[in-house]
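To be precise, the following lines are input36.tsv, and they hold TSV, C-alpha atoms.
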```tsv
chain	number	residue	atom	x	y	z
A	231	MET	CA	-26.39	-8.11	-16.28
A	232	GLN	CA	-23.01	-9.81	-16.06
A	233	ASN	CA	-20.11	-7.86	-17.53
A	234	PRO	CA	-19.19	-9.71	-20.75
A	235	THR	CA	-15.60	-8.45	-20.63
A	236	PRO	CA	-14.26	-8.69	-17.07
A	237	VAL	CA	-11.52	-6.20	-16.29
A	238	VAL	CA	-9.04	-6.50	-13.41
A	239	GLU	CA	-8.35	-3.11	-11.84
A	240	LEU	CA	-5.15	-2.28	-9.97
A	241	GLN	CA	-4.50	0.88	-7.98
A	242	ALA	CA	-1.46	2.48	-6.38
A	243	GLY	CA	-1.96	5.95	-4.95
A	244	SER	CA	-3.45	8.14	-7.68
A	245	THR	CA	-2.53	5.74	-10.50
A	246	ARG	CA	-4.80	3.09	-11.97
A	247	LEU	CA	-4.23	0.17	-14.30
A	248	ALA	CA	-6.96	-1.95	-15.87
A	249	VAL	CA	-6.26	-5.26	-17.61
A	250	ALA	CA	-8.63	-7.56	-19.53
A	251	PRO	CA	-7.30	-11.14	-19.24
A	252	GLU	CA	-9.90	-12.48	-21.66
A	253	ILE	CA	-9.07	-9.90	-24.34
A	254	GLY	CA	-5.56	-11.06	-25.13
A	255	GLY	CA	-4.22	-10.19	-21.69
A	256	SER	CA	-4.42	-6.56	-22.78
A	257	ILE	CA	-4.13	-3.34	-20.80
A	258	THR	CA	-7.34	-1.37	-21.19
A	259	ARG	CA	-6.36	1.74	-19.21
A	260	TYR	CA	-3.30	3.28	-17.53
A	261	ALA	CA	-3.99	6.69	-16.00
A	262	THR	CA	-3.04	9.06	-13.19
A	263	GLU	CA	-5.42	11.41	-11.38
A	264	ARG	CA	-3.59	14.24	-9.68
A	265	ALA	CA	-4.31	17.82	-8.69
A	266	GLY	CA	-7.74	17.74	-10.27
A	267	ARG	CA	-6.65	16.41	-13.65
A	268	THR	CA	-6.46	13.01	-15.29
A	269	VAL	CA	-3.67	11.98	-17.64
A	270	GLU	CA	-4.16	8.91	-19.83
A	271	TRP	CA	-0.68	7.44	-20.29
A	272	MET	CA	-2.02	5.04	-22.90
A	273	ARG	CA	-5.05	5.32	-25.15
A	274	PRO	CA	-7.95	3.90	-23.11
A	275	ALA	CA	-9.93	1.08	-24.64
A	276	SER	CA	-13.26	2.12	-26.10
A	277	THR	CA	-16.56	0.59	-25.03
A	278	ASP	CA	-16.91	-0.86	-28.53
A	279	ALA	CA	-13.46	-2.48	-28.38
A	280	LEU	CA	-14.31	-4.10	-25.06
A	281	ALA	CA	-17.66	-5.33	-26.32
A	282	ALA	CA	-16.03	-6.75	-29.46
A	283	ARG	CA	-13.15	-8.21	-27.42
A	284	SER	CA	-10.73	-6.51	-29.79
A	285	ALA	CA	-7.18	-6.35	-28.49
A	286	GLY	CA	-6.36	-3.92	-31.29
A	287	GLY	CA	-8.72	-1.42	-29.70
A	288	THR	CA	-7.19	-1.60	-26.23
A	289	ALA	CA	-4.42	0.42	-24.58
A	290	SER	CA	-1.71	-2.21	-25.08
A	291	PHE	CA	-1.55	-5.87	-26.00
A	292	PRO	CA	1.18	-8.55	-25.81
A	293	LEU	CA	3.17	-9.91	-28.72
A	294	VAL	CA	4.13	-13.61	-28.56
A	295	PRO	CA	5.71	-15.81	-29.93
A	296	PHE	CA	6.82	-13.11	-32.35
A	297	SER	CA	6.51	-9.39	-32.82
A	298	ASN	CA	4.94	-7.82	-35.88
A	299	ARG	CA	4.90	-9.66	-39.21
A	300	ILE	CA	6.32	-12.88	-40.65
A	301	ARG	CA	6.44	-12.62	-44.43
A	302	ASP	CA	3.85	-14.76	-46.22
A	303	ALA	CA	3.13	-16.48	-42.87
A	304	ARG	CA	6.05	-18.89	-43.22
A	305	PHE	CA	9.67	-19.30	-42.24
A	306	ARG	CA	12.38	-21.94	-41.96
A	307	PHE	CA	14.20	-22.84	-38.77
A	308	ARG	CA	17.02	-25.40	-38.70
A	309	GLY	CA	15.78	-27.17	-41.79
A	310	ARG	CA	12.12	-27.18	-40.81
A	311	GLU	CA	9.53	-25.17	-42.73
A	312	VAL	CA	6.85	-23.59	-40.55
A	313	ARG	CA	3.59	-22.39	-42.10
A	314	LEU	CA	1.36	-20.15	-40.00
A	315	ALA	CA	-2.18	-18.87	-40.24
A	316	ARG	CA	-2.64	-15.61	-42.14
A	317	ASN	CA	-4.41	-14.03	-39.21
A	318	PHE	CA	-4.95	-10.43	-40.36
A	319	PRO	CA	-6.73	-10.50	-43.75
A	320	PRO	CA	-6.33	-9.23	-46.35
A	321	GLU	CA	-2.62	-9.17	-45.43
A	322	PRO	CA	-0.73	-12.23	-46.69
A	323	HIS	CA	1.45	-12.29	-43.56
A	324	ALA	CA	1.15	-13.64	-40.02
A	325	ILE	CA	1.10	-10.82	-37.46
A	326	HIS	CA	1.76	-10.45	-33.72
A	327	GLY	CA	1.55	-14.15	-32.86
A	328	HIS	CA	-1.07	-15.86	-30.69
A	329	GLY	CA	-1.37	-14.12	-27.34
A	330	TRP	CA	-3.30	-11.05	-28.47
A	331	ARG	CA	-6.13	-13.20	-29.85
A	332	ALA	CA	-6.46	-15.57	-26.87
A	333	PRO	CA	-7.64	-15.41	-23.26
A	334	TRP	CA	-5.02	-15.33	-20.49
A	335	ALA	CA	-5.50	-16.88	-17.06
A	336	VAL	CA	-5.05	-14.98	-13.80
A	337	VAL	CA	-2.45	-16.83	-11.70
A	338	ASP	CA	-1.76	-14.17	-9.04
A	339	ARG	CA	-3.41	-10.92	-8.01
A	340	SER	CA	-3.15	-8.27	-5.31
A	341	GLU	CA	-4.14	-4.60	-5.06
A	342	ALA	CA	-1.24	-3.41	-7.22
A	343	ARG	CA	0.08	-6.59	-8.85
A	344	LEU	CA	-1.27	-9.04	-11.39
A	345	THR	CA	0.23	-12.06	-13.15
A	346	LEU	CA	-1.36	-13.57	-16.25
A	347	GLU	CA	-0.46	-16.76	-18.08
A	348	TYR	CA	-1.08	-18.04	-21.58
A	349	ARG	CA	-0.39	-21.65	-22.57
A	350	HIS	CA	-0.09	-22.56	-26.23
A	351	PRO	CA	-0.10	-26.17	-27.43
A	352	ALA	CA	1.88	-27.24	-30.47
A	353	GLY	CA	0.03	-26.87	-33.77
A	354	ASP	CA	0.87	-24.87	-36.89
A	355	TRP	CA	3.38	-23.31	-34.49
A	356	PRO	CA	5.12	-26.63	-33.80
A	357	TRP	CA	6.34	-25.85	-30.27
A	358	ALA	CA	4.35	-25.80	-27.04
A	359	TYR	CA	5.15	-22.80	-24.83
A	360	VAL	CA	3.88	-20.82	-21.87
A	361	ALA	CA	3.97	-17.02	-21.63
A	362	GLN	CA	3.51	-14.83	-18.57
A	363	GLN	CA	2.93	-11.13	-18.04
A	364	ALA	CA	3.50	-9.74	-14.56
A	365	PHE	CA	2.14	-6.22	-13.98
A	366	ASP	CA	3.65	-4.35	-11.01
A	367	LEU	CA	2.05	-0.94	-10.42
A	368	SER	CA	3.19	1.88	-8.16
A	369	ASP	CA	2.31	5.57	-8.11
A	370	GLU	CA	5.72	6.24	-9.69
A	371	ARG	CA	5.77	3.62	-12.47
A	372	LEU	CA	4.35	0.54	-14.16
A	373	ARG	CA	6.63	-2.43	-14.70
A	374	VAL	CA	5.60	-5.23	-17.06
A	375	ARG	CA	7.70	-8.38	-16.93
A	376	PHE	CA	7.28	-10.70	-19.92
A	377	ALA	CA	8.50	-14.29	-19.82
A	378	VAL	CA	8.29	-17.15	-22.34
A	379	THR	CA	9.21	-20.78	-21.59
A	380	ASN	CA	9.75	-23.46	-24.22
A	381	GLU	CA	7.73	-26.55	-23.24
A	382	ALA	CA	8.58	-28.47	-26.41
A	383	ALA	CA	11.18	-31.19	-26.84
A	384	ASP	CA	13.12	-29.22	-29.46
A	385	PRO	CA	14.74	-25.76	-29.56
A	386	MET	CA	12.20	-23.02	-30.30
A	387	PRO	CA	12.74	-19.65	-31.98
A	388	VAL	CA	10.79	-16.93	-30.23
A	389	GLY	CA	10.15	-13.24	-29.97
A	390	PHE	CA	7.96	-11.17	-27.68
A	391	GLY	CA	7.09	-7.58	-26.90
A	392	LEU	CA	4.43	-5.01	-26.05
A	393	HIS	CA	2.20	-3.02	-28.39
A	394	PRO	CA	1.09	0.10	-26.49
A	395	TYR	CA	-1.07	2.80	-28.07
A	396	PHE	CA	-0.61	6.41	-26.99
A	397	VAL	CA	-2.97	9.37	-27.20
A	398	ARG	CA	-2.09	11.61	-30.12
A	399	THR	CA	-2.04	15.36	-29.55
A	400	PRO	CA	-0.93	18.04	-32.03
A	401	ARG	CA	2.34	18.71	-30.18
A	402	ALA	CA	3.19	15.17	-29.03
A	403	LEU	CA	6.84	14.16	-29.49
A	404	VAL	CA	8.72	10.86	-29.49
A	405	ARG	CA	12.43	10.32	-28.86
A	406	ALA	CA	14.26	7.00	-28.67
A	407	ASP	CA	17.71	5.49	-28.36
A	408	VAL	CA	17.73	3.61	-31.65
A	409	GLY	CA	20.13	2.57	-34.37
A	410	PRO	CA	19.46	2.02	-38.08
A	411	MET	CA	15.92	1.77	-39.43
A	412	TRP	CA	14.49	-0.91	-41.68
A	413	GLU	CA	12.91	0.83	-44.66
A	414	ALA	CA	9.63	-0.89	-45.50
A	415	ASP	CA	7.85	-1.76	-48.73
A	416	GLU	CA	4.13	-1.28	-49.46
A	417	ASN	CA	3.38	-4.40	-47.37
A	418	VAL	CA	5.30	-2.99	-44.37
A	419	MET	CA	8.03	-5.59	-44.85
A	420	PRO	CA	11.73	-4.70	-44.40
A	421	VAL	CA	13.72	-4.12	-47.58
A	422	ARG	CA	16.89	-2.22	-46.62
A	423	ILE	CA	18.69	-0.62	-43.69
A	424	VAL	CA	18.77	3.20	-43.67
A	425	PRO	CA	19.66	5.87	-41.07
A	426	PRO	CA	16.93	6.72	-38.55
A	427	PRO	CA	15.10	10.05	-38.70
A	428	PRO	CA	17.40	12.42	-36.78
A	429	GLN	CA	14.50	14.06	-34.93
A	430	LEU	CA	13.62	10.67	-33.37
A	431	LEU	CA	16.96	10.26	-31.63
A	432	LEU	CA	17.17	10.92	-27.89
A	433	ARG	CA	19.20	14.08	-28.54
A	434	GLY	CA	16.98	15.10	-31.45
A	435	ALA	CA	14.21	17.65	-31.51
A	436	GLY	CA	11.58	14.94	-31.15
A	437	LEU	CA	9.46	13.25	-33.81
A	438	ASN	CA	5.92	14.61	-34.11
A	439	PRO	CA	3.54	11.81	-35.18
A	440	ASP	CA	1.40	14.32	-37.10
A	441	VAL	CA	4.38	15.35	-39.22
A	442	THR	CA	6.16	12.04	-39.90
A	443	ALA	CA	4.25	8.86	-40.80
A	444	LEU	CA	6.17	5.72	-39.86
A	445	ASP	CA	5.55	2.00	-39.58
A	446	ASN	CA	9.14	0.97	-39.18
A	447	ASN	CA	11.41	-1.21	-37.13
A	448	PHE	CA	14.58	0.18	-35.55
A	449	THR	CA	17.55	-1.99	-34.69
A	450	ARG	CA	20.06	-1.62	-31.85
A	451	PHE	CA	17.39	-0.28	-29.50
A	452	GLY	CA	19.24	1.01	-26.45
A	453	GLY	CA	16.31	0.46	-24.10
A	454	ARG	CA	15.13	4.06	-23.67
A	455	ALA	CA	12.28	6.00	-25.29
A	456	VAL	CA	10.53	9.17	-24.16
A	457	ILE	CA	7.09	10.47	-25.11
A	458	GLU	CA	6.16	14.08	-24.40
A	459	TRP	CA	2.80	15.81	-24.42
A	460	PRO	CA	3.62	19.54	-24.06
A	461	GLU	CA	-0.09	20.40	-23.95
A	462	TRP	CA	-0.43	18.29	-20.81
A	463	ARG	CA	2.96	19.23	-19.31
A	464	ALA	CA	3.54	15.48	-19.14
A	465	ARG	CA	6.07	12.94	-20.35
A	466	LEU	CA	6.38	9.16	-20.19
A	467	ARG	CA	9.73	7.41	-20.05
A	468	ILE	CA	9.98	3.85	-21.37
A	469	ASP	CA	12.91	1.71	-20.18
A	470	ALA	CA	13.36	-1.80	-21.56
A	471	ASP	CA	15.78	-4.58	-20.63
A	472	PRO	CA	18.50	-5.49	-23.18
A	473	VAL	CA	16.53	-8.49	-24.50
A	474	TYR	CA	14.31	-5.92	-26.21
A	475	ALA	CA	16.72	-5.33	-29.08
A	476	CYS	CA	14.21	-3.68	-31.42
A	477	LEU	CA	11.71	-0.85	-31.40
A	478	VAL	CA	8.75	-0.34	-33.74
A	479	VAL	CA	7.39	3.19	-34.18
A	480	TYR	CA	3.96	3.42	-35.79
A	481	THR	CA	2.55	6.88	-36.53
A	482	PRO	CA	-0.25	6.34	-39.08
A	483	ALA	CA	-1.54	9.41	-40.85
A	484	GLY	CA	-4.93	10.70	-39.84
A	485	ARG	CA	-5.35	8.58	-36.70
A	486	ASP	CA	-5.80	9.64	-33.07
A	487	PHE	CA	-3.05	7.40	-31.71
A	488	PHE	CA	0.55	6.37	-32.25
A	489	CYS	CA	2.57	3.36	-31.06
A	490	VAL	CA	6.06	2.86	-29.65
A	491	GLU	CA	6.61	-0.89	-29.31
A	492	PRO	CA	9.58	-2.52	-27.51
A	493	ALA	CA	10.19	-5.98	-28.99
A	494	THR	CA	12.85	-8.65	-28.93
A	495	ASN	CA	12.72	-9.38	-32.67
A	496	CYS	CA	12.51	-7.12	-35.69
A	497	ILE	CA	9.85	-7.33	-38.38
A	498	ASP	CA	10.23	-10.63	-40.28
A	499	GLY	CA	13.21	-11.36	-38.05
A	500	PHE	CA	12.75	-15.12	-38.32
A	501	ASN	CA	13.29	-15.10	-42.09
A	502	LEU	CA	16.05	-12.51	-41.90
A	503	ALA	CA	17.88	-14.68	-39.36
A	504	GLU	CA	17.54	-17.70	-41.63
A	505	ASP	CA	19.12	-15.58	-44.38
A	506	GLY	CA	22.14	-15.03	-42.15
A	507	ARG	CA	21.49	-11.69	-40.44
A	508	THR	CA	22.68	-11.51	-36.85
A	509	ASP	CA	20.87	-8.31	-35.81
A	510	THR	CA	17.29	-9.58	-35.84
A	511	GLY	CA	16.94	-10.09	-32.07
A	512	LEU	CA	15.75	-13.67	-32.58
A	513	VAL	CA	15.86	-15.68	-29.35
A	514	VAL	CA	16.33	-19.47	-29.46
A	515	LEU	CA	15.18	-21.37	-26.37
A	516	ASP	CA	16.31	-24.90	-25.58
A	517	PRO	CA	13.66	-27.20	-24.09
A	518	GLY	CA	12.67	-25.95	-20.65
A	519	ASP	CA	14.49	-22.63	-21.01
A	520	THR	CA	12.92	-19.23	-20.38
A	521	ALA	CA	13.53	-15.78	-21.88
A	522	ALA	CA	12.31	-12.79	-19.90
A	523	GLY	CA	12.59	-9.03	-19.71
A	524	ASP	CA	11.05	-5.96	-18.11
A	525	VAL	CA	9.55	-2.86	-19.71
A	526	THR	CA	9.04	0.01	-17.26
A	527	PHE	CA	6.79	3.00	-17.90
A	528	THR	CA	7.61	6.03	-15.73
A	529	PRO	CA	5.21	9.00	-15.90
A	530	GLU	CA	6.32	12.56	-15.16
A	531	LEU	CA	3.94	15.46	-14.52
A	532	ALA	CA	5.00	19.10	-14.30
```
So, in terms of structure tokens, how does the structure I just supplied come out?
Amino acid sequence: MQNPTPVVELQAGSTRLAVAPEIGGSITRYATERAGRTVEWMRPASTDALAARSAGGTASFPLVPFSNRIRDARFRFRGREVRLARNFPPEPHAIHGHGWRAPWAVVDRSEARLTLEYRHPAGDWPWAYVAQQAFDLSDERLRVRFAVTNEAADPMPVGFGLHPYFVRTPRALVRADVGPMWEADENVMPVRIVPPPPQLLLRGAGLNPDVTALDNNFTRFGGRAVIEWPEWRARLRIDADPVYACLVVYTPAGRDFFCVEPATNCIDGFNLAEDGRTDTGLVVLDPGDTAAGDVTFTPELA
């Protein structure tokens, strides 16, 4: 029987990466096998998630042409009102853009490298664009380069990022180089800027996802986050290029995962920018221009 969800597998030394182009260009597994043990650096996709072609059940999926939510699925840009599909019912908002719900095409592949492409025609999102993800795997690290090109005739607002899921253990810790936090309302929409939890900061004690429930956006992301699993004697360093100005930390209560998401724009950043805020991370691309940036995941085993 033909596999209904083809997965592209990359290998470098003892490290493996699996990507499902047809399931939103998502990573389905990132793991290292060493000294008789296997460490899953991201939550592996379940068989059910693969069968259902659910990007939300994978290890990581791409965010484009915006990260997280746009309030009430609409925004204004330079006098134009844009109305989007409410694509995550029953939420009234638009979430995570287009790429995670669409197939990506393989444009280049080798044993340890893979490039995927997603082309989006103009529609309710009134700008045509092309997005690429380039995965570069070594035994020491995984680098994901994200690029978005405006193929429309007019300037296009855009945001992009990655939505990785990590395995939750009782002693897991997260630290990050972040600035102020957007406090969220009951619909996970930003309402006011507040200080970040001190334990989350790089010099803090570390934020335990089992202790602190968050679904918040952090501004002034300095490009560095660290995840530790003391039970495994393992840690994962995340380094992001400066275009990734925001970080979302999602630690839902009672779940077996947590997320640390580098993104260029903050939650509802398009509307906040229209209201005059200058710290939203919104990128504006002229016709033919490209925005790009790397996120590098570096595992460390004791």
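With all atoms listed in the file as the atoms that count, the minimum distance from Met272 (chain A) to the choices A:Met386, A:Ile457, A:Val337, A:Ala522 is reached by A:Ile457.
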* How many Å lie between CA of Asp471 (chain A) and CA of Arg450 (chain A), rounded to one decimal? ->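 Separating CA of Asp471 (chain A) from CA of Arg450 (chain A) is a distance of 12.4 Å.
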Mind listing whatever residues come within 8 Å of the point (11.0, -29.6, -31.1)? Use only C-alpha atoms, file coordinates, and give them as a compact mmCIF listing (two decimals) with C-alpha atoms, in the frame of the given file.
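Written file, point05.txt:
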```txt
# COMPACT_ATOMS: atom_id res chain seq x y z
CA PRO A 356 5.12 -26.63 -33.80
CA TRP A 357 6.34 -25.85 -30.27
CA ALA A 382 8.58 -28.47 -26.41
CA ALA A 383 11.18 -31.19 -26.84
CA ASP A 384 13.12 -29.22 -29.46
CA PRO A 385 14.74 -25.76 -29.56
CA MET A 386 12.20 -23.02 -30.30
CA PRO A 517 13.66 -27.20 -24.09
```
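The list of residues with at least one atom within 10 Å of Leu477 (chain A), based on only C-alpha atoms and without residues fewer than 4 positions apart in the same chain, reads A:Gly391, A:Leu392, A:Ala406, A:Asp407, A:Val408, A:Gly409, A:Met411, A:Asn446, A:Asn447, A:Phe448, A:Thr449, A:Arg450, A:Phe451, A:Gly452, A:Gly453, A:Arg454, A:Ala455, A:Val490, A:Glu491, A:Pro492, A:Ala493, A:Thr494, A:Asn495, A:Cys496, A:Ile497.
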Write the residues of the preceding selection, restricted to C-alpha atoms, as a CSV table (one decimal), keeping the file's coordinate frame.
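The file below, out35.csv, is the result:
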```
chain,number,residue,atom,x,y,z
A,391,GLY,CA,7.1,-7.6,-26.9
A,392,LEU,CA,4.4,-5.0,-26.0
A,406,ALA,CA,14.3,7.0,-28.7
A,407,ASP,CA,17.7,5.5,-28.4
A,408,VAL,CA,17.7,3.6,-31.6
A,409,GLY,CA,20.1,2.6,-34.4
A,411,MET,CA,15.9,1.8,-39.4
A,446,ASN,CA,9.1,1.0,-39.2
A,447,ASN,CA,11.4,-1.2,-37.1
A,448,PHE,CA,14.6,0.2,-35.6
A,449,THR,CA,17.6,-2.0,-34.7
A,450,ARG,CA,20.1,-1.6,-31.8
A,451,PHE,CA,17.4,-0.3,-29.5
A,452,GLY,CA,19.2,1.0,-26.4
A,453,GLY,CA,16.3,0.5,-24.1
A,454,ARG,CA,15.1,4.1,-23.7
A,455,ALA,CA,12.3,6.0,-25.3
A,490,VAL,CA,6.1,2.9,-29.6
A,491,GLU,CA,6.6,-0.9,-29.3
A,492,PRO,CA,9.6,-2.5,-27.5
A,493,ALA,CA,10.2,-6.0,-29.0
A,494,THR,CA,12.8,-8.6,-28.9
A,495,ASN,CA,12.7,-9.4,-32.7
A,496,CYS,CA,12.5,-7.1,-35.7
A,497,ILE,CA,9.8,-7.3,-38.4
```
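What separates CA of Thr235 (chain A) from CA of Thr288 (chain A) is a distance of 12.2 Å.
Each of A:Ala470, A:Pro319, A:Leu403, A:Thr528 was checked against Tyr260 (chain A) using all atoms listed in the file; the smallest atom-to-atom distance is that of A:Thr528.
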